[in-house]
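Here's the structure, in C-alpha cells; my notes come after.
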Amino acid sequence: MKKRPGGIIHSYQKFDPAQFPSPTQPPPDLVSSAFEHAMMFGNYRELSEEELARAVRLDPSQIAGLGPSIDMLRQMLEERKRKILETYETAAAQKRARRAYQQSASAVRPPRDLEKAYRRGIAEEQPYDLERLWYQADSDQSPFARGLLGVMQRMNDKLQIAELVSKYEFTGREPMSVPKALEIKEELEKIDELLRQLEEAAKTAQIGIIDMDLLQEFAEPGDLNELEELRQQVENYMREQAERQGLDRDNKTGNYRLTPQAYKLFQGKLLSRIFSDLQASRSGRHPDAVEGDGAVELQQTKPYEFGDSVANIDLPQTVINALLRHGDTRPLQLRSEDIEVHKTRNHPKCATCVIMDMSGSMRYDGQYINVKRMALALQGLITSEYPGDFLRFIEMYTFAKMRHASELIELMPKPVTIHDPWVRLRADMSREDISESQIHPHFTNIQRSLQLARQNLVATDTPNRQIVLITDGLPTAHFEDNHLFMLYPPDPQTEQATMREAMLCHREGITINIFLIPSWSQSEEDIRFAYRLAESTKGRVIFTSGKDLDRFVIWDYVSNRREIIG
C-alpha cells in the first residue's frame, strides 16, 4: 500500500497547514480594536497574549477539524444539564428553606426600639432592611446582631432557591436538601456559562474565551489537552500576525504595545473605509499618487507662449505643425508658431489647521471619539498621499494647545468642574500665582483656537490656507489681552471677540470651514452663530452626524484641494 506522508502529518499533528490559516485569506485585524479602545479611554495598556487571542476574531472554518469538536463539548454539557433537571425536584428544598428561615427569624429577640422595623424586614424579606438593623445594634457581638447574621443567611438561601426554581424547569422526583439545591444551582450556572463561551467560540474561533479551569470539572482530560493544544496554536498564530502588524512584544513581560507601524495600518484601514463609502465615479481617487510637487503634464496641448518651459514641448505635434505649414521643404525649419507645449497643472501645497473641540459637552454620545478618528484618518491621508501639505492639530477647551499627531489618541473631553447655571468668571493669566491647572477646563474657547491656528498658518509659504473647526456650539470663553473670560450662558462679549479673530483670519486669506456636530445642549442660537461666523469670513458650515465626521472631513479636504488646483 502506497504511503501518504500528508495523511500521517495530519494524523499526528492534528492540523492541516493548508487550512490553518488559509494562505489566501487576509490576516485578521489586530490593531483596530486596540485603537478603538484607546480612543474611547484616552490611553491603552499593554495586551497579554491571552488578551490578544480573546480580542481577535478568526474565521471558524480555519479551526474546523482541529482538536476536540466544540459541538461535542456542547452536547456533553447539555446532556449533563438534562440529566440534572430530569433527576431532581425543588418543592422539598423550597419548603425546607422557608421553614429554616421562619425558625431562624422567630428565634431572634430584637430590642424594643428596633422590634417594629425587624418584623417589617422579616415580612418583606429585604436583605437591605436587615443589614441596616445590624448596623443599628449596640454591638456586633450582641445576641441580636449574631442572630441577625443567621437570619440573613437563611433568607439568602431561600432567595437563591427561589431563583433556581424560576430559572430552571425540574421534572424529576428526587428531593433535595437546601445545601444540595445550592450546589445544583452553582453547577447549572457553570454549565450555562461554559455553553455560552463555547457558542461564542464556535462563531468567532476565539478559543481564548473558554475557561479551561471551569471546563475541567466536566470534560475528559484527553479532550482538555487537545483543546489546550488548539488554543496554543491560535495564540501562536496571533503572536505571529501581531508582530507583522506593528504590535511590539516586550521580551520581559511578554505583553504587546502599539507602534508607529500599527498607527499606519489603522489609518490605512480608516481611509479604505472612508473612500469605499464613496462612488468610484465621483471620488476619482487613485492609489498611485503623482510624484513630486511641481507641474504635471496633461493630455491637452496649446501653442507656445513666451515664458512656457521648453521641457514641456510636445515634439511630435511640433514637427507635424512644421510639416503642415511648410510642406516638404528641406531643411525643416521650426518657427515659434509651430511649437506646441503640454498644458500643465500645478499642485500647490495646502496648509490646514484642525481645531478639535474637547470641551465638557463633547463627551455626549462619544463625539470626542469621532473627532479623534477623523484626525487620525486625515493625518494618515496627508502622510500617505499629500506629504507636501502642512497639517497641524489644535485641542480646544478653556485654552488652546498645539497637539502632535502622536498625542491625538490620548485626548479626552475635559471634566465639568462647575455646575452653576450662571457663570461669570475672569482670570488674569499674567499673575504668577494663577496657573492653568487652577482654571475650570471645560469651557469652549474658539477665539484663542483661531488665533493659534492663524499664527501657524501665516508662516506657511502657500496661499492655500484653511481652518477646519469642529465644534458642537457657541463659544463660552475668550481672551482679552491677558484676561481670560469664562461666561455661561454664552455672552455677546465672547462672540464679538471670536468674530474679531475670525476676521483677522479672513484678512490673511485663511478659509474657515465649520463642521457642526449635534449635541444635547445644541440650540438654534448655536446654528445661527455658526452661520454668522461663516458668512462674515466667507467660509462654510457643514452639518454632520458624529459617526460620519471622518468621511465628511476627508472628502471635504480632497474636494477643496482639487478646487484649489483647478
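Every chain in the C-alpha cells takes a letter, A first, then B, and so on in the order presented; its residues are numbered from 1, and the ligands are numbered from 1 following the presented order.
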Spatial neighbours of segment 489-503 of chain A, max dist 6 Å, only C-alpha atoms, sep filter under 3 positions, as an MDAnalysis selection string: chainID A and resid 447 476 478 506
Members of segment 426-553 of chain A assigned strand (DSSP E or B) by DSSP, as a PyMOL selection string: chain A and resi 426-428+465-471+477-480+483-488+510-516+540-543
Only N, CA and C atoms, please: the residues just picked out, written as a PDB file, in the first residue's frame.
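Dumped everything to part.pdb:
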```pdb
ATOM      1  N   ARG A 426     -13.510  85.622  35.591  1.00  0.00           N
ATOM      2  CA  ARG A 426     -12.399  86.265  34.899  1.00  0.00           C
ATOM      3  C   ARG A 426     -11.119  85.939  35.644  1.00  0.00           C
ATOM      4  N   ALA A 427     -10.068  85.617  34.885  1.00  0.00           N
ATOM      5  CA  ALA A 427      -8.779  85.276  35.486  1.00  0.00           C
ATOM      6  C   ALA A 427      -7.687  86.043  34.772  1.00  0.00           C
ATOM      7  N   ASP A 428      -6.804  86.665  35.550  1.00  0.00           N
ATOM      8  CA  ASP A 428      -5.649  87.371  34.996  1.00  0.00           C
ATOM      9  C   ASP A 428      -4.504  86.368  34.876  1.00  0.00           C
ATOM     10  N   ARG A 465      -4.674  78.280   2.476  1.00  0.00           N
ATOM     11  CA  ARG A 465      -4.710  78.066   3.916  1.00  0.00           C
ATOM     12  C   ARG A 465      -6.161  77.886   4.358  1.00  0.00           C
ATOM     13  N   GLN A 466      -6.373  76.969   5.270  1.00  0.00           N
ATOM     14  CA  GLN A 466      -7.729  76.753   5.749  1.00  0.00           C
ATOM     15  C   GLN A 466      -7.707  76.272   7.195  1.00  0.00           C
ATOM     16  N   ILE A 467      -8.808  76.550   7.885  1.00  0.00           N
ATOM     17  CA  ILE A 467      -9.019  76.077   9.251  1.00  0.00           C
ATOM     18  C   ILE A 467     -10.241  75.167   9.245  1.00  0.00           C
ATOM     19  N   VAL A 468     -10.101  73.985   9.798  1.00  0.00           N
ATOM     20  CA  VAL A 468     -11.214  73.064   9.981  1.00  0.00           C
ATOM     21  C   VAL A 468     -11.600  73.133  11.453  1.00  0.00           C
ATOM     22  N   LEU A 469     -12.716  73.784  11.744  1.00  0.00           N
ATOM     23  CA  LEU A 469     -13.188  73.971  13.110  1.00  0.00           C
ATOM     24  C   LEU A 469     -14.306  72.972  13.397  1.00  0.00           C
ATOM     25  N   ILE A 470     -14.058  72.064  14.318  1.00  0.00           N
ATOM     26  CA  ILE A 470     -15.031  71.036  14.674  1.00  0.00           C
ATOM     27  C   ILE A 470     -15.532  71.343  16.072  1.00  0.00           C
ATOM     28  N   THR A 471     -16.805  71.675  16.185  1.00  0.00           N
ATOM     29  CA  THR A 471     -17.370  72.039  17.477  1.00  0.00           C
ATOM     30  C   THR A 471     -18.846  71.682  17.494  1.00  0.00           C
ATOM     31  N   ALA A 477     -15.734  81.000  26.212  1.00  0.00           N
ATOM     32  CA  ALA A 477     -14.524  81.562  26.820  1.00  0.00           C
ATOM     33  C   ALA A 477     -13.759  82.344  25.765  1.00  0.00           C
ATOM     34  N   HIS A 478     -13.033  83.385  26.210  1.00  0.00           N
ATOM     35  CA  HIS A 478     -12.193  84.146  25.287  1.00  0.00           C
ATOM     36  C   HIS A 478     -11.155  84.930  26.094  1.00  0.00           C
ATOM     37  N   PHE A 479     -10.128  85.365  25.389  1.00  0.00           N
ATOM     38  CA  PHE A 479      -9.077  86.181  25.995  1.00  0.00           C
ATOM     39  C   PHE A 479      -9.245  87.630  25.558  1.00  0.00           C
ATOM     40  N   GLU A 480      -8.972  88.525  26.483  1.00  0.00           N
ATOM     41  CA  GLU A 480      -8.784  89.943  26.181  1.00  0.00           C
ATOM     42  C   GLU A 480      -7.465  90.344  26.823  1.00  0.00           C
ATOM     43  N   HIS A 483      -6.353  88.656  30.146  1.00  0.00           N
ATOM     44  CA  HIS A 483      -7.514  88.297  30.961  1.00  0.00           C
ATOM     45  C   HIS A 483      -8.341  87.230  30.240  1.00  0.00           C
ATOM     46  N   LEU A 484      -8.577  86.132  30.937  1.00  0.00           N
ATOM     47  CA  LEU A 484      -9.398  85.039  30.420  1.00  0.00           C
ATOM     48  C   LEU A 484     -10.803  85.168  30.989  1.00  0.00           C
ATOM     49  N   PHE A 485     -11.805  85.226  30.098  1.00  0.00           N
ATOM     50  CA  PHE A 485     -13.201  85.320  30.499  1.00  0.00           C
ATOM     51  C   PHE A 485     -13.881  83.973  30.260  1.00  0.00           C
ATOM     52  N   MET A 486     -14.612  83.485  31.264  1.00  0.00           N
ATOM     53  CA  MET A 486     -15.406  82.265  31.159  1.00  0.00           C
ATOM     54  C   MET A 486     -16.848  82.641  31.476  1.00  0.00           C
ATOM     55  N   LEU A 487     -17.691  82.655  30.437  1.00  0.00           N
ATOM     56  CA  LEU A 487     -19.047  83.192  30.560  1.00  0.00           C
ATOM     57  C   LEU A 487     -20.058  82.156  30.073  1.00  0.00           C
ATOM     58  N   TYR A 488     -20.956  81.758  30.971  1.00  0.00           N
ATOM     59  CA  TYR A 488     -22.025  80.814  30.607  1.00  0.00           C
ATOM     60  C   TYR A 488     -23.305  81.239  31.315  1.00  0.00           C
ATOM     61  N   ILE A 510      -7.272  83.159   5.036  1.00  0.00           N
ATOM     62  CA  ILE A 510      -7.492  81.838   5.629  1.00  0.00           C
ATOM     63  C   ILE A 510      -8.989  81.535   5.612  1.00  0.00           C
ATOM     64  N   THR A 511      -9.353  80.412   5.010  1.00  0.00           N
ATOM     65  CA  THR A 511     -10.747  79.987   4.936  1.00  0.00           C
ATOM     66  C   THR A 511     -11.106  79.189   6.183  1.00  0.00           C
ATOM     67  N   ILE A 512     -12.260  79.482   6.772  1.00  0.00           N
ATOM     68  CA  ILE A 512     -12.728  78.769   7.966  1.00  0.00           C
ATOM     69  C   ILE A 512     -13.891  77.871   7.567  1.00  0.00           C
ATOM     70  N   ASN A 513     -13.707  76.581   7.716  1.00  0.00           N
ATOM     71  CA  ASN A 513     -14.753  75.586   7.468  1.00  0.00           C
ATOM     72  C   ASN A 513     -15.226  75.049   8.816  1.00  0.00           C
ATOM     73  N   ILE A 514     -16.500  75.246   9.125  1.00  0.00           N
ATOM     74  CA  ILE A 514     -17.049  74.853  10.414  1.00  0.00           C
ATOM     75  C   ILE A 514     -17.831  73.558  10.243  1.00  0.00           C
ATOM     76  N   PHE A 515     -17.426  72.527  10.973  1.00  0.00           N
ATOM     77  CA  PHE A 515     -18.161  71.266  10.994  1.00  0.00           C
ATOM     78  C   PHE A 515     -18.937  71.238  12.317  1.00  0.00           C
ATOM     79  N   LEU A 516     -20.249  71.410  12.217  1.00  0.00           N
ATOM     80  CA  LEU A 516     -21.093  71.496  13.399  1.00  0.00           C
ATOM     81  C   LEU A 516     -21.714  70.120  13.668  1.00  0.00           C
ATOM     82  N   ARG A 540     -17.587  78.302   5.359  1.00  0.00           N
ATOM     83  CA  ARG A 540     -18.696  77.364   5.134  1.00  0.00           C
ATOM     84  C   ARG A 540     -19.080  76.701   6.449  1.00  0.00           C
ATOM     85  N   VAL A 541     -20.341  76.288   6.525  1.00  0.00           N
ATOM     86  CA  VAL A 541     -20.840  75.500   7.650  1.00  0.00           C
ATOM     87  C   VAL A 541     -21.299  74.154   7.102  1.00  0.00           C
ATOM     88  N   ILE A 542     -20.852  73.091   7.713  1.00  0.00           N
ATOM     89  CA  ILE A 542     -21.218  71.736   7.275  1.00  0.00           C
ATOM     90  C   ILE A 542     -21.821  71.019   8.471  1.00  0.00           C
ATOM     91  N   PHE A 543     -23.057  70.557   8.328  1.00  0.00           N
ATOM     92  CA  PHE A 543     -23.730  69.815   9.384  1.00  0.00           C
ATOM     93  C   PHE A 543     -23.515  68.325   9.142  1.00  0.00           C
TER      94      PHE A 543
END
```
Top pick for closest residue to Asp472 of chain A, considering A:Glu525, A:Glu189, A:Glu217, A:Thr318 and counting only C-alpha atoms: A:Glu525
Interatomic distance, atom CA of Ala92 of chain A to atom CA of Pro179 of chain A (Å, one decimal):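 Spanning atom CA of Ala92 of chain A to atom CA of Pro179 of chain A is a straight-line distance of 12.2 Å.
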What parts of segment 503-532 of chain A does DSSP call helix (DSSP H, G or I)? I'd like the answer as a PDB file with N, CA, C and O atoms, in the first residue's frame.
```pdb
ATOM      1  N   MET A 503     -12.210  87.500  11.668  1.00  0.00           N
ATOM      2  CA  MET A 503     -11.958  88.488  10.619  1.00  0.00           C
ATOM      3  C   MET A 503     -10.471  88.657  10.354  1.00  0.00           C
ATOM      4  O   MET A 503     -10.049  88.876   9.207  1.00  0.00           O
ATOM      5  N   LEU A 504      -9.640  88.532  11.392  1.00  0.00           N
ATOM      6  CA  LEU A 504      -8.190  88.570  11.186  1.00  0.00           C
ATOM      7  C   LEU A 504      -7.741  87.379  10.333  1.00  0.00           C
ATOM      8  O   LEU A 504      -6.856  87.507   9.485  1.00  0.00           O
ATOM      9  N   CYS A 505      -8.350  86.224  10.559  1.00  0.00           N
ATOM     10  CA  CYS A 505      -8.042  85.041   9.727  1.00  0.00           C
ATOM     11  C   CYS A 505      -8.445  85.312   8.282  1.00  0.00           C
ATOM     12  O   CYS A 505      -7.702  84.990   7.343  1.00  0.00           O
ATOM     13  N   HIS A 506      -9.625  85.897   8.090  1.00  0.00           N
ATOM     14  CA  HIS A 506     -10.103  86.196   6.741  1.00  0.00           C
ATOM     15  C   HIS A 506      -9.186  87.205   6.048  1.00  0.00           C
ATOM     16  O   HIS A 506      -8.916  87.082   4.842  1.00  0.00           O
ATOM     17  N   ARG A 507      -8.692  88.177   6.782  1.00  0.00           N
ATOM     18  CA  ARG A 507      -7.792  89.175   6.209  1.00  0.00           C
ATOM     19  C   ARG A 507      -6.486  88.536   5.729  1.00  0.00           C
ATOM     20  O   ARG A 507      -5.875  89.006   4.769  1.00  0.00           O
ATOM     21  N   GLU A 524     -30.966  76.576  18.481  1.00  0.00           N
ATOM     22  CA  GLU A 524     -30.995  77.360  17.246  1.00  0.00           C
ATOM     23  C   GLU A 524     -29.925  78.445  17.261  1.00  0.00           C
ATOM     24  O   GLU A 524     -29.362  78.777  16.224  1.00  0.00           O
ATOM     25  N   GLU A 525     -29.597  78.965  18.433  1.00  0.00           N
ATOM     26  CA  GLU A 525     -28.587  80.017  18.531  1.00  0.00           C
ATOM     27  C   GLU A 525     -27.198  79.495  18.178  1.00  0.00           C
ATOM     28  O   GLU A 525     -26.380  80.220  17.597  1.00  0.00           O
ATOM     29  N   ASP A 526     -26.917  78.229  18.500  1.00  0.00           N
ATOM     30  CA  ASP A 526     -25.642  77.641  18.100  1.00  0.00           C
ATOM     31  C   ASP A 526     -25.511  77.627  16.580  1.00  0.00           C
ATOM     32  O   ASP A 526     -24.439  77.927  16.032  1.00  0.00           O
ATOM     33  N   ILE A 527     -26.587  77.254  15.900  1.00  0.00           N
ATOM     34  CA  ILE A 527     -26.567  77.191  14.442  1.00  0.00           C
ATOM     35  C   ILE A 527     -26.441  78.595  13.844  1.00  0.00           C
ATOM     36  O   ILE A 527     -25.693  78.814  12.888  1.00  0.00           O
ATOM     37  N   ARG A 528     -27.168  79.557  14.432  1.00  0.00           N
ATOM     38  CA  ARG A 528     -27.092  80.927  13.926  1.00  0.00           C
ATOM     39  C   ARG A 528     -25.681  81.499  14.087  1.00  0.00           C
ATOM     40  O   ARG A 528     -25.190  82.209  13.208  1.00  0.00           O
ATOM     41  N   PHE A 529     -25.012  81.183  15.190  1.00  0.00           N
ATOM     42  CA  PHE A 529     -23.641  81.663  15.383  1.00  0.00           C
ATOM     43  C   PHE A 529     -22.708  81.087  14.318  1.00  0.00           C
ATOM     44  O   PHE A 529     -21.861  81.788  13.763  1.00  0.00           O
ATOM     45  N   ALA A 530     -22.858  79.785  14.036  1.00  0.00           N
ATOM     46  CA  ALA A 530     -22.012  79.164  13.012  1.00  0.00           C
ATOM     47  C   ALA A 530     -22.217  79.845  11.662  1.00  0.00           C
ATOM     48  O   ALA A 530     -21.250  80.092  10.920  1.00  0.00           O
ATOM     49  N   TYR A 531     -23.463  80.168  11.338  1.00  0.00           N
ATOM     50  CA  TYR A 531     -23.738  80.863  10.079  1.00  0.00           C
ATOM     51  C   TYR A 531     -23.127  82.264  10.079  1.00  0.00           C
ATOM     52  O   TYR A 531     -22.549  82.707   9.081  1.00  0.00           O
ATOM     53  N   ARG A 532     -23.243  82.985  11.187  1.00  0.00           N
ATOM     54  CA  ARG A 532     -22.671  84.326  11.245  1.00  0.00           C
ATOM     55  C   ARG A 532     -21.158  84.287  11.083  1.00  0.00           C
ATOM     56  O   ARG A 532     -20.575  85.111  10.379  1.00  0.00           O
TER      57      ARG A 532
END
```
A:Ile184, A:Leu148, A:Met412, A:Met429 ranked by distance to Phe41 of chain A, top pick (using only C-alpha atoms):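 Comparing A:Ile184, A:Leu148, A:Met412, A:Met429 against Phe41 of chain A, the winner is A:Met412.
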Long-range neighbours of Gly366 of chain A as a count of residues only, 10 Å cut-off, only C-alpha atoms, 2 positions minimum in chain: 13
Spatial neighbours of Asp192 of chain A, 12 Å, only C-alpha atoms, chain gap at least 2 places, as a list in words: Arg74, Leu77, Glu78, Arg80, Lys81, Arg82, Lys167, Tyr168, Lys185, Glu186, Glu187, Leu188, Glu189, Lys190, Leu194, Leu195, Arg196, Gln197, Leu198, Glu199, Leu214 and Leu215 of chain A
Which of A:Glu174, A:Asp211, A:Glu200, A:Glu183 sits closest to Asp71 of chain A [using only C-alpha atoms]: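 Distance minimum relative to Asp71 of chain A lands on A:Glu200.
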